[in-house]
file start-v2.pdb (PDB, C-alpha atoms, pLDDT in the B column)
ATOM      1  CA  MET A   1     -36.254  79.764  36.987  1.00 89.00           C
ATOM      2  CA  HIS A   2     -33.974  81.056  39.737  1.00 92.00           C
ATOM      3  CA  PHE A   3     -30.357  79.914  40.056  1.00 93.00           C
ATOM      4  CA  SER A   4     -28.081  80.361  43.024  1.00 96.00           C
ATOM      5  CA  LYS A   5     -24.919  82.460  42.591  1.00 94.00           C
ATOM      6  CA  GLU A   6     -22.834  79.279  42.814  1.00 95.00           C
ATOM      7  CA  ILE A   7     -24.636  77.809  39.820  1.00 94.00           C
ATOM      8  CA  GLU A   8     -24.467  81.053  37.832  1.00 94.00           C
ATOM      9  CA  ARG A   9     -20.671  81.118  38.193  1.00 95.00           C
ATOM     10  CA  MET A  10     -20.290  77.585  36.851  1.00 96.00           C
ATOM     11  CA  VAL A  11     -19.020  76.852  33.333  1.00 95.00           C
ATOM     12  CA  CYS A  12     -21.620  75.234  31.083  1.00 93.00           C
ATOM     13  CA  VAL A  13     -20.580  71.700  30.165  1.00 93.00           C
ATOM     14  CA  ALA A  14     -22.223  70.211  27.068  1.00 92.00           C
ATOM     15  CA  LYS A  15     -24.502  67.250  27.621  1.00 88.00           C
ATOM     16  CA  GLY A  16     -23.472  63.945  26.072  1.00 87.00           C
ATOM     17  CA  PRO A  17     -25.669  61.354  24.346  1.00 84.00           C
ATOM     18  CA  ASP A  18     -29.278  61.152  25.509  1.00 83.00           C
ATOM     19  CA  HIS A  19     -30.989  57.957  24.427  1.00 86.00           C
ATOM     20  CA  GLY A  20     -34.159  58.624  26.424  1.00 88.00           C
ATOM     21  CA  PRO A  21     -35.873  56.203  28.805  1.00 91.00           C
ATOM     22  CA  ALA A  22     -35.573  52.465  28.417  1.00 93.00           C
ATOM     23  CA  PRO A  23     -38.491  51.161  26.334  1.00 95.00           C
ATOM     24  CA  ILE A  24     -41.170  49.180  28.181  1.00 95.00           C
ATOM     25  CA  PRO A  25     -43.435  46.456  26.728  1.00 95.00           C
ATOM     26  CA  GLN A  26     -46.944  47.764  26.149  1.00 95.00           C
ATOM     27  CA  GLU A  27     -49.743  46.057  24.264  1.00 95.00           C
ATOM     28  CA  GLY A  28     -47.499  44.208  21.849  1.00 94.00           C
ATOM     29  CA  LYS A  29     -44.911  46.935  21.239  1.00 94.00           C
ATOM     30  CA  TRP A  30     -41.950  48.619  22.917  1.00 95.00           C
ATOM     31  CA  VAL A  31     -42.608  52.202  24.032  1.00 95.00           C
ATOM     32  CA  GLN A  32     -40.329  54.926  25.350  1.00 95.00           C
ATOM     33  CA  ALA A  33     -42.785  56.383  27.839  1.00 95.00           C
ATOM     34  CA  LYS A  34     -42.101  60.087  28.407  1.00 94.00           C
ATOM     35  CA  GLU A  35     -45.588  61.355  29.221  1.00 95.00           C
ATOM     36  CA  ILE A  36     -48.688  59.950  30.906  1.00 95.00           C
ATOM     37  CA  LYS A  37     -50.395  59.600  27.519  1.00 96.00           C
ATOM     38  CA  ASP A  38     -47.689  57.108  26.533  1.00 96.00           C
ATOM     39  CA  ILE A  39     -48.949  54.570  29.087  1.00 96.00           C
ATOM     40  CA  SER A  40     -51.389  51.789  28.187  1.00 96.00           C
ATOM     41  CA  GLY A  41     -52.178  48.382  29.611  1.00 96.00           C
ATOM     42  CA  LEU A  42     -54.352  46.255  31.866  1.00 96.00           C
ATOM     43  CA  SER A  43     -52.993  45.306  35.272  1.00 95.00           C
ATOM     44  CA  HIS A  44     -53.885  44.547  38.887  1.00 95.00           C
ATOM     45  CA  GLY A  45     -52.847  46.002  42.227  1.00 95.00           C
ATOM     46  CA  VAL A  46     -53.454  44.722  45.746  1.00 96.00           C
ATOM     47  CA  GLY A  47     -53.650  47.027  48.774  1.00 96.00           C
ATOM     48  CA  TRP A  48     -54.414  46.886  52.475  1.00 94.00           C
ATOM     49  CA  CYS A  49     -55.591  49.389  55.065  1.00 91.00           C
ATOM     50  CA  ALA A  50     -53.521  50.702  57.991  1.00 85.00           C
ATOM     51  CA  PRO A  51     -54.882  48.325  60.650  1.00 84.00           C
ATOM     52  CA  GLN A  52     -54.742  45.524  58.023  1.00 87.00           C
ATOM     53  CA  GLN A  53     -58.327  44.522  58.639  1.00 89.00           C
ATOM     54  CA  GLY A  54     -59.235  44.535  54.954  1.00 92.00           C
ATOM     55  CA  ALA A  55     -57.766  44.320  51.466  1.00 95.00           C
ATOM     56  CA  CYS A  56     -58.529  45.485  47.930  1.00 96.00           C
ATOM     57  CA  LYS A  57     -57.744  44.057  44.508  1.00 96.00           C
ATOM     58  CA  LEU A  58     -57.906  46.793  41.883  1.00 97.00           C
ATOM     59  CA  THR A  59     -57.941  46.108  38.139  1.00 97.00           C
ATOM     60  CA  LEU A  60     -57.528  48.962  35.652  1.00 97.00           C
ATOM     61  CA  ASN A  61     -57.570  48.993  31.852  1.00 97.00           C
ATOM     62  CA  VAL A  62     -55.620  52.070  30.741  1.00 97.00           C
ATOM     63  CA  LYS A  63     -55.584  53.415  27.183  1.00 97.00           C
ATOM     64  CA  ASP A  64     -53.313  56.357  26.279  1.00 96.00           C
ATOM     65  CA  GLY A  65     -52.870  57.242  29.930  1.00 97.00           C
ATOM     66  CA  ILE A  66     -56.599  57.347  30.726  1.00 98.00           C
ATOM     67  CA  ILE A  67     -58.440  54.779  32.845  1.00 97.00           C
ATOM     68  CA  ARG A  68     -61.177  53.346  30.638  1.00 97.00           C
ATOM     69  CA  GLU A  69     -62.239  50.407  32.835  1.00 97.00           C
ATOM     70  CA  ALA A  70     -62.024  49.710  36.560  1.00 97.00           C
ATOM     71  CA  LEU A  71     -62.822  46.698  38.707  1.00 97.00           C
ATOM     72  CA  VAL A  72     -62.698  47.199  42.491  1.00 97.00           C
ATOM     73  CA  GLU A  73     -62.892  44.091  44.694  1.00 96.00           C
ATOM     74  CA  THR A  74     -62.656  44.295  48.496  1.00 94.00           C
ATOM     75  CA  ILE A  75     -62.758  41.890  51.408  1.00 93.00           C
ATOM     76  CA  GLY A  76     -62.703  41.990  55.194  1.00 89.00           C
ATOM     77  CA  CYS A  77     -64.236  45.382  55.977  1.00 88.00           C
ATOM     78  CA  SER A  78     -67.879  46.421  55.650  1.00 88.00           C
ATOM     79  CA  GLY A  79     -67.021  50.099  55.160  1.00 89.00           C
ATOM     80  CA  MET A  80     -64.597  49.201  52.414  1.00 91.00           C
ATOM     81  CA  THR A  81     -67.384  47.800  50.252  1.00 90.00           C
ATOM     82  CA  HIS A  82     -69.076  51.204  50.207  1.00 92.00           C
ATOM     83  CA  SER A  83     -65.748  52.903  49.549  1.00 94.00           C
ATOM     84  CA  ALA A  84     -65.340  50.625  46.536  1.00 95.00           C
ATOM     85  CA  ALA A  85     -68.631  51.928  45.127  1.00 94.00           C
ATOM     86  CA  MET A  86     -67.358  55.502  45.316  1.00 94.00           C
ATOM     87  CA  ALA A  87     -63.928  54.589  43.941  1.00 96.00           C
ATOM     88  CA  GLY A  88     -65.587  52.896  40.968  1.00 95.00           C
ATOM     89  CA  GLU A  89     -67.259  56.172  40.063  1.00 95.00           C
ATOM     90  CA  ILE A  90     -64.131  58.235  40.677  1.00 95.00           C
ATOM     91  CA  LEU A  91     -61.569  56.230  38.695  1.00 96.00           C
ATOM     92  CA  THR A  92     -62.804  55.992  35.119  1.00 97.00           C
ATOM     93  CA  GLY A  93     -61.999  58.925  32.875  1.00 97.00           C
ATOM     94  CA  LYS A  94     -59.016  60.039  34.970  1.00 97.00           C
ATOM     95  CA  THR A  95     -55.391  59.759  33.929  1.00 97.00           C
ATOM     96  CA  ILE A  96     -53.400  57.289  35.995  1.00 96.00           C
ATOM     97  CA  LEU A  97     -51.497  60.224  37.524  1.00 96.00           C
ATOM     98  CA  GLU A  98     -54.761  61.880  38.575  1.00 97.00           C
ATOM     99  CA  ALA A  99     -55.974  58.607  40.073  1.00 96.00           C
ATOM    100  CA  LEU A 100     -52.708  58.156  41.961  1.00 95.00           C
ATOM    101  CA  ASN A 101     -53.140  61.577  43.550  1.00 95.00           C
ATOM    102  CA  THR A 102     -56.881  61.273  44.216  1.00 94.00           C
ATOM    103  CA  ASP A 103     -58.302  60.155  47.557  1.00 92.00           C
ATOM    104  CA  LEU A 104     -60.006  56.893  46.655  1.00 93.00           C
ATOM    105  CA  VAL A 105     -61.873  56.954  49.988  1.00 90.00           C
ATOM    106  CA  CYS A 106     -60.262  53.851  51.533  1.00 92.00           C
ATOM    107  CA  ASP A 107     -56.622  53.233  52.512  1.00 94.00           C
ATOM    108  CA  ALA A 108     -56.667  49.763  50.966  1.00 95.00           C
ATOM    109  CA  ILE A 109     -57.918  51.095  47.615  1.00 96.00           C
ATOM    110  CA  ASN A 110     -55.348  53.905  47.671  1.00 96.00           C
ATOM    111  CA  VAL A 111     -52.547  51.398  48.319  1.00 96.00           C
ATOM    112  CA  ALA A 112     -53.833  49.172  45.525  1.00 97.00           C
ATOM    113  CA  MET A 113     -53.739  52.178  43.187  1.00 97.00           C
ATOM    114  CA  ARG A 114     -50.144  52.893  44.195  1.00 96.00           C
ATOM    115  CA  GLU A 115     -49.043  49.323  43.587  1.00 96.00           C
ATOM    116  CA  LEU A 116     -50.868  49.169  40.269  1.00 96.00           C
ATOM    117  CA  PHE A 117     -49.339  52.482  39.164  1.00 96.00           C
ATOM    118  CA  LEU A 118     -45.846  51.099  39.732  1.00 95.00           C
ATOM    119  CA  GLN A 119     -46.572  48.003  37.666  1.00 94.00           C
ATOM    120  CA  ILE A 120     -48.164  49.782  34.763  1.00 95.00           C
ATOM    121  CA  VAL A 121     -45.553  52.531  34.337  1.00 94.00           C
ATOM    122  CA  TYR A 122     -42.791  49.907  34.387  1.00 93.00           C
ATOM    123  CA  GLY A 123     -44.549  47.828  31.735  1.00 92.00           C
ATOM    124  CA  ARG A 124     -45.354  44.898  34.042  1.00 92.00           C
ATOM    125  CA  THR A 125     -48.918  44.488  32.838  1.00 94.00           C
ATOM    126  CA  GLN A 126     -51.110  41.551  31.942  1.00 91.00           C
ATOM    127  CA  SER A 127     -51.353  42.934  28.409  1.00 93.00           C
ATOM    128  CA  SER A 128     -47.658  43.745  27.849  1.00 93.00           C
ATOM    129  CA  TYR A 129     -47.337  41.380  24.907  1.00 93.00           C
ATOM    130  CA  SER A 130     -50.937  41.419  23.664  1.00 92.00           C
ATOM    131  CA  GLU A 131     -51.022  43.227  20.328  1.00 92.00           C
ATOM    132  CA  GLY A 132     -53.433  46.126  20.625  1.00 91.00           C
ATOM    133  CA  GLY A 133     -53.967  45.381  24.298  1.00 93.00           C
ATOM    134  CA  LEU A 134     -57.118  43.999  25.878  1.00 93.00           C
ATOM    135  CA  GLU A 135     -60.541  45.326  24.983  1.00 94.00           C
ATOM    136  CA  ILE A 136     -62.632  47.350  27.395  1.00 95.00           C
ATOM    137  CA  GLY A 137     -64.572  44.709  29.277  1.00 94.00           C
ATOM    138  CA  ALA A 138     -61.615  42.377  29.776  1.00 93.00           C
ATOM    139  CA  GLY A 139     -61.654  43.198  33.480  1.00 91.00           C
ATOM    140  CA  LEU A 140     -64.965  41.367  33.845  1.00 90.00           C
ATOM    141  CA  GLU A 141     -63.245  38.117  32.899  1.00 89.00           C
ATOM    142  CA  ASP A 142     -61.686  38.072  36.363  1.00 87.00           C
ATOM    143  CA  LEU A 143     -65.164  37.503  37.773  1.00 87.00           C
ATOM    144  CA  GLY A 144     -66.199  34.553  35.638  1.00 80.00           C
ATOM    145  CA  LYS A 145     -69.798  33.457  35.104  1.00 77.00           C
ATOM    146  CA  GLY A 146     -72.315  35.234  37.276  1.00 79.00           C
ATOM    147  CA  TYR A 147     -69.947  38.202  37.741  1.00 87.00           C
ATOM    148  CA  ARG A 148     -68.897  37.372  41.308  1.00 88.00           C
ATOM    149  CA  SER A 149     -65.469  37.911  42.831  1.00 90.00           C
ATOM    150  CA  GLN A 150     -63.398  34.772  43.199  1.00 88.00           C
ATOM    151  CA  ILE A 151     -62.946  34.393  46.932  1.00 89.00           C
ATOM    152  CA  ALA A 152     -62.163  31.725  49.483  1.00 92.00           C
ATOM    153  CA  THR A 153     -63.334  31.703  53.097  1.00 95.00           C
ATOM    154  CA  ILE A 154     -61.861  28.928  55.189  1.00 96.00           C
ATOM    155  CA  TYR A 155     -62.180  28.767  58.978  1.00 97.00           C
ATOM    156  CA  SER A 156     -60.515  26.331  61.357  1.00 97.00           C
ATOM    157  CA  THR A 157     -59.762  25.666  65.009  1.00 97.00           C
ATOM    158  CA  GLU A 158     -57.266  23.304  66.562  1.00 96.00           C
ATOM    159  CA  ALA A 159     -60.026  21.687  68.574  1.00 97.00           C
ATOM    160  CA  LYS A 160     -62.609  21.117  65.818  1.00 96.00           C
ATOM    161  CA  GLY A 161     -60.665  21.270  62.562  1.00 97.00           C
ATOM    162  CA  VAL A 162     -61.403  23.023  59.284  1.00 97.00           C
ATOM    163  CA  ARG A 163     -64.616  24.401  57.786  1.00 97.00           C
ATOM    164  CA  TYR A 164     -64.761  25.323  54.090  1.00 97.00           C
ATOM    165  CA  LEU A 165     -67.277  28.165  53.806  1.00 97.00           C
ATOM    166  CA  GLU A 166     -66.729  29.498  50.292  1.00 96.00           C
ATOM    167  CA  THR A 167     -64.345  28.820  47.415  1.00 94.00           C
ATOM    168  CA  THR A 168     -64.069  29.912  43.791  1.00 90.00           C
ATOM    169  CA  GLU A 169     -66.779  27.375  42.902  1.00 91.00           C
ATOM    170  CA  GLY A 170     -69.246  29.038  45.245  1.00 93.00           C
ATOM    171  CA  TYR A 171     -70.976  28.966  48.644  1.00 96.00           C
ATOM    172  CA  ILE A 172     -70.254  25.682  50.408  1.00 97.00           C
ATOM    173  CA  THR A 173     -73.396  23.907  51.599  1.00 97.00           C
ATOM    174  CA  ARG A 174     -71.973  20.568  52.785  1.00 98.00           C
ATOM    175  CA  LEU A 175     -68.594  19.046  53.542  1.00 98.00           C
ATOM    176  CA  ALA A 176     -68.044  15.385  52.724  1.00 98.00           C
ATOM    177  CA  LEU A 177     -66.122  13.452  55.388  1.00 98.00           C
ATOM    178  CA  ASP A 178     -64.728   9.926  55.278  1.00 97.00           C
ATOM    179  CA  ALA A 179     -64.717   7.384  58.107  1.00 97.00           C
ATOM    180  CA  ASP A 180     -61.631   9.064  59.585  1.00 97.00           C
ATOM    181  CA  ASN A 181     -63.374  12.482  59.623  1.00 96.00           C
ATOM    182  CA  LEU A 182     -61.130  13.788  56.818  1.00 97.00           C
ATOM    183  CA  VAL A 183     -62.580  16.197  54.244  1.00 97.00           C
ATOM    184  CA  ILE A 184     -62.819  14.413  50.889  1.00 98.00           C
ATOM    185  CA  GLY A 185     -65.070  16.821  48.982  1.00 97.00           C
ATOM    186  CA  TYR A 186     -67.768  19.442  49.226  1.00 98.00           C
ATOM    187  CA  GLU A 187     -71.040  20.586  47.737  1.00 98.00           C
ATOM    188  CA  PHE A 188     -71.482  24.186  46.602  1.00 97.00           C
ATOM    189  CA  VAL A 189     -73.922  26.690  45.104  1.00 97.00           C
ATOM    190  CA  ARG A 190     -72.927  29.166  42.411  1.00 94.00           C
ATOM    191  CA  PHE A 191     -74.800  32.225  43.624  1.00 92.00           C
ATOM    192  CA  GLY A 192     -74.291  34.225  40.447  1.00 91.00           C
ATOM    193  CA  ILE A 193     -75.656  31.421  38.285  1.00 93.00           C
ATOM    194  CA  MET A 194     -78.561  30.853  40.681  1.00 95.00           C
ATOM    195  CA  MET A 195     -79.570  34.515  40.544  1.00 94.00           C
ATOM    196  CA  ASP A 196     -79.366  34.506  36.740  1.00 93.00           C
ATOM    197  CA  HIS A 197     -81.789  31.564  36.663  1.00 95.00           C
ATOM    198  CA  ILE A 198     -84.190  33.311  39.053  1.00 96.00           C
ATOM    199  CA  LYS A 199     -84.095  36.520  37.010  1.00 95.00           C
ATOM    200  CA  ALA A 200     -84.872  34.449  33.913  1.00 96.00           C
ATOM    201  CA  GLY A 201     -88.088  33.195  35.582  1.00 97.00           C
ATOM    202  CA  MET A 202     -87.005  29.920  37.186  1.00 97.00           C
ATOM    203  CA  THR A 203     -88.372  29.171  40.643  1.00 97.00           C
ATOM    204  CA  ALA A 204     -85.937  29.632  43.527  1.00 96.00           C
ATOM    205  CA  GLU A 205     -85.986  25.901  44.300  1.00 96.00           C
ATOM    206  CA  ASP A 206     -85.226  24.890  40.708  1.00 97.00           C
ATOM    207  CA  ALA A 207     -82.612  27.621  40.372  1.00 97.00           C
ATOM    208  CA  LEU A 208     -80.878  26.363  43.510  1.00 96.00           C
ATOM    209  CA  LYS A 209     -80.739  22.812  42.163  1.00 96.00           C
ATOM    210  CA  ALA A 210     -79.467  23.979  38.761  1.00 96.00           C
ATOM    211  CA  ALA A 211     -76.666  25.992  40.356  1.00 96.00           C
ATOM    212  CA  MET A 212     -75.387  23.244  42.649  1.00 97.00           C
ATOM    213  CA  GLY A 213     -72.296  21.138  42.115  1.00 97.00           C
ATOM    214  CA  ALA A 214     -69.736  19.061  43.984  1.00 97.00           C
ATOM    215  CA  VAL A 215     -66.002  18.347  43.867  1.00 96.00           C
ATOM    216  CA  GLY A 216     -63.771  15.599  45.186  1.00 96.00           C
ATOM    217  CA  ARG A 217     -65.138  12.230  46.361  1.00 97.00           C
ATOM    218  CA  PHE A 218     -68.378  13.816  47.505  1.00 97.00           C
ATOM    219  CA  GLU A 219     -70.638  10.885  46.642  1.00 96.00           C
ATOM    220  CA  SER A 220     -68.533   8.346  48.533  1.00 96.00           C
ATOM    221  CA  ALA A 221     -68.509  10.177  51.877  1.00 97.00           C
ATOM    222  CA  ALA A 222     -69.200   8.370  55.116  1.00 98.00           C
ATOM    223  CA  TYR A 223     -71.323  11.329  56.156  1.00 96.00           C
ATOM    224  CA  TYR A 224     -71.863  15.053  55.513  1.00 98.00           C
ATOM    225  CA  ILE A 225     -71.859  18.170  57.674  1.00 98.00           C
ATOM    226  CA  ASP A 226     -73.079  21.730  57.257  1.00 98.00           C
ATOM    227  CA  PRO A 227     -69.891  23.752  57.812  1.00 97.00           C
ATOM    228  CA  ARG A 228     -71.854  26.598  59.377  1.00 96.00           C
ATOM    229  CA  LYS A 229     -73.719  24.488  61.927  1.00 95.00           C
ATOM    230  CA  ALA A 230     -71.920  21.228  62.693  1.00 88.00           C
TER     231      ALA A 230
END
call {"tool": "encode", "arguments": {"input": "start-v2.pdb", "output": "structure tokens"}}
result
Amino acid sequence: MHFSKEIERMVCVAKGPDHGPAPIPQEGKWVQAKEIKDISGLSHGVGWCAPQQGACKLTLNVKDGIIREALVETIGCSGMTHSAAMAGEILTGKTILEALNTDLVCDAINVAMRELFLQIVYGRTQSSYSEGGLEIGAGLEDLGKGYRSQIATIYSTEAKGVRYLETTEGYITRLALDADNLVIGYEFVRFGIMMDHIKAGMTAEDALKAAMGAVGRFESAAYYIDPRKA
């Protein structure tokens, strides 16, 4: 290590108390994190690309500094979906520092990694107070039955009003309107559940019926519309 002449001429002053870093909550205990291997937890990060045409939600389950589980969810950009596939292969097995300094193909995924890194090294994780942390596989719980991302797609115009296209429940097939043309409910299909039925041998028609549901005052509507056509 090279010192300037100004530093070499200085008198050495003894260092006072050093209590180390402030402990952070991690998996049910308080940890003074000094190295990457001291970091554990499950958390989420959200990122966006430079032109803000798409976004990514990234979920990582980190054990002893190493990413053991990754869930990459993207929306709004067709290229981003393919980038997510590559990022999913890249992330697991890396330390969180390696992942932070790795090109994860897409700006939105890189930003999500940055935001997640900040949360996890400060102890702001979903598993901060869970003794032993969350098991590998906990990330899948964010998807629910059928393993599909929870998304909402709502479109509206001033002239023609709102159209619900997709919500957490599923793909919207019909909107229920009352006599004043107000939305009072909707019918939906759970695609993940429908595909599970089809893979189990059910006919497509029966699988569709089994995966359908409705919310609100759907049955008492004055009439129904297909949100993609009417």
call {"tool": "atom_distance", "arguments": {"input": "start-v2.pdb", "atom1": "CA of Arg228 in chain A", "atom2": "CA of Met195 in chain A"}}
result
21.8 Å
call {"tool": "resolve_selection", "arguments": {"input": "start-v2.pdb", "expression": "the PyMOL selection byres ((chain A and resi 40-49) around 7)", "output": "count of residues only"}}
result
35
call {"tool": "residues_around", "arguments": {"input": "start-v2.pdb", "residues": "Ala214 in chain A", "least_positions_apart": "4", "cutoff": "7 Å", "atoms": "all atoms listed in the file", "output": "MDAnalysis selection string"}}
result
chainID A and resid 186:188 218
call {"tool": "residues_around", "arguments": {"input": "start-v2.pdb", "residues": "Ile151 in chain A", "least_positions_apart": "2", "cutoff": "9 Å", "atoms": "all atoms listed in the file", "output": "list in words"}}
result
Ile75, Arg148, Ser149, Thr153, Glu166, Thr167, Thr168, Glu169 and Gly170 of chain A
call {"tool": "atom_distance", "arguments": {"input": "start-v2.pdb", "atom1": "CA of Ala85 in chain A", "atom2": "CA of Val189 in chain A"}}
result
25.8 Å
call {"tool": "atom_distance", "arguments": {"input": "start-v2.pdb", "atom1": "CA of Lys94 in chain A", "atom2": "CA of Tyr122 in chain A"}}
result
19.1 Å
call {"tool": "closest_residue", "arguments": {"input": "start-v2.pdb", "among": "A:Ile7, A:Leu71, A:Ala176, A:Val121", "to": "Ile36 in chain A", "atoms": "only C-alpha atoms"}}
result
A:Val121
call {"tool": "closest_residue", "arguments": {"input": "start-v2.pdb", "among": "A:Ile154, A:Cys77, A:Val215, A:Leu208", "to": "Cys106 in chain A", "atoms": "only C-alpha atoms"}}
result
A:Cys77
call {"tool": "resolve_selection", "arguments": {"input": "start-v2.pdb", "expression": "the PyMOL selection byres ((chain A and resi 90-92) around 10)", "output": "ChimeraX atom specification"}}
result
/A:60-62,66-72,84-89,93-96,98-100,102-105,113
call {"tool": "closest_residue", "arguments": {"input": "start-v2.pdb", "among": "A:Ala138, A:Met80, A:Met212, A:Ile184", "to": "Asn110 in chain A", "atoms": "only C-alpha atoms"}}
result
A:Met80
call {"tool": "axis_aligned_box", "arguments": {"input": "start-v2.pdb", "around": "range 224-228 of chain A", "padding_each_side": "6 Å", "output": "JSON"}}
result
{"center_x": -71.5, "center_y": 20.8, "center_z": 57.4, "size_x": 15.2, "size_y": 23.5, "size_z": 15.9}
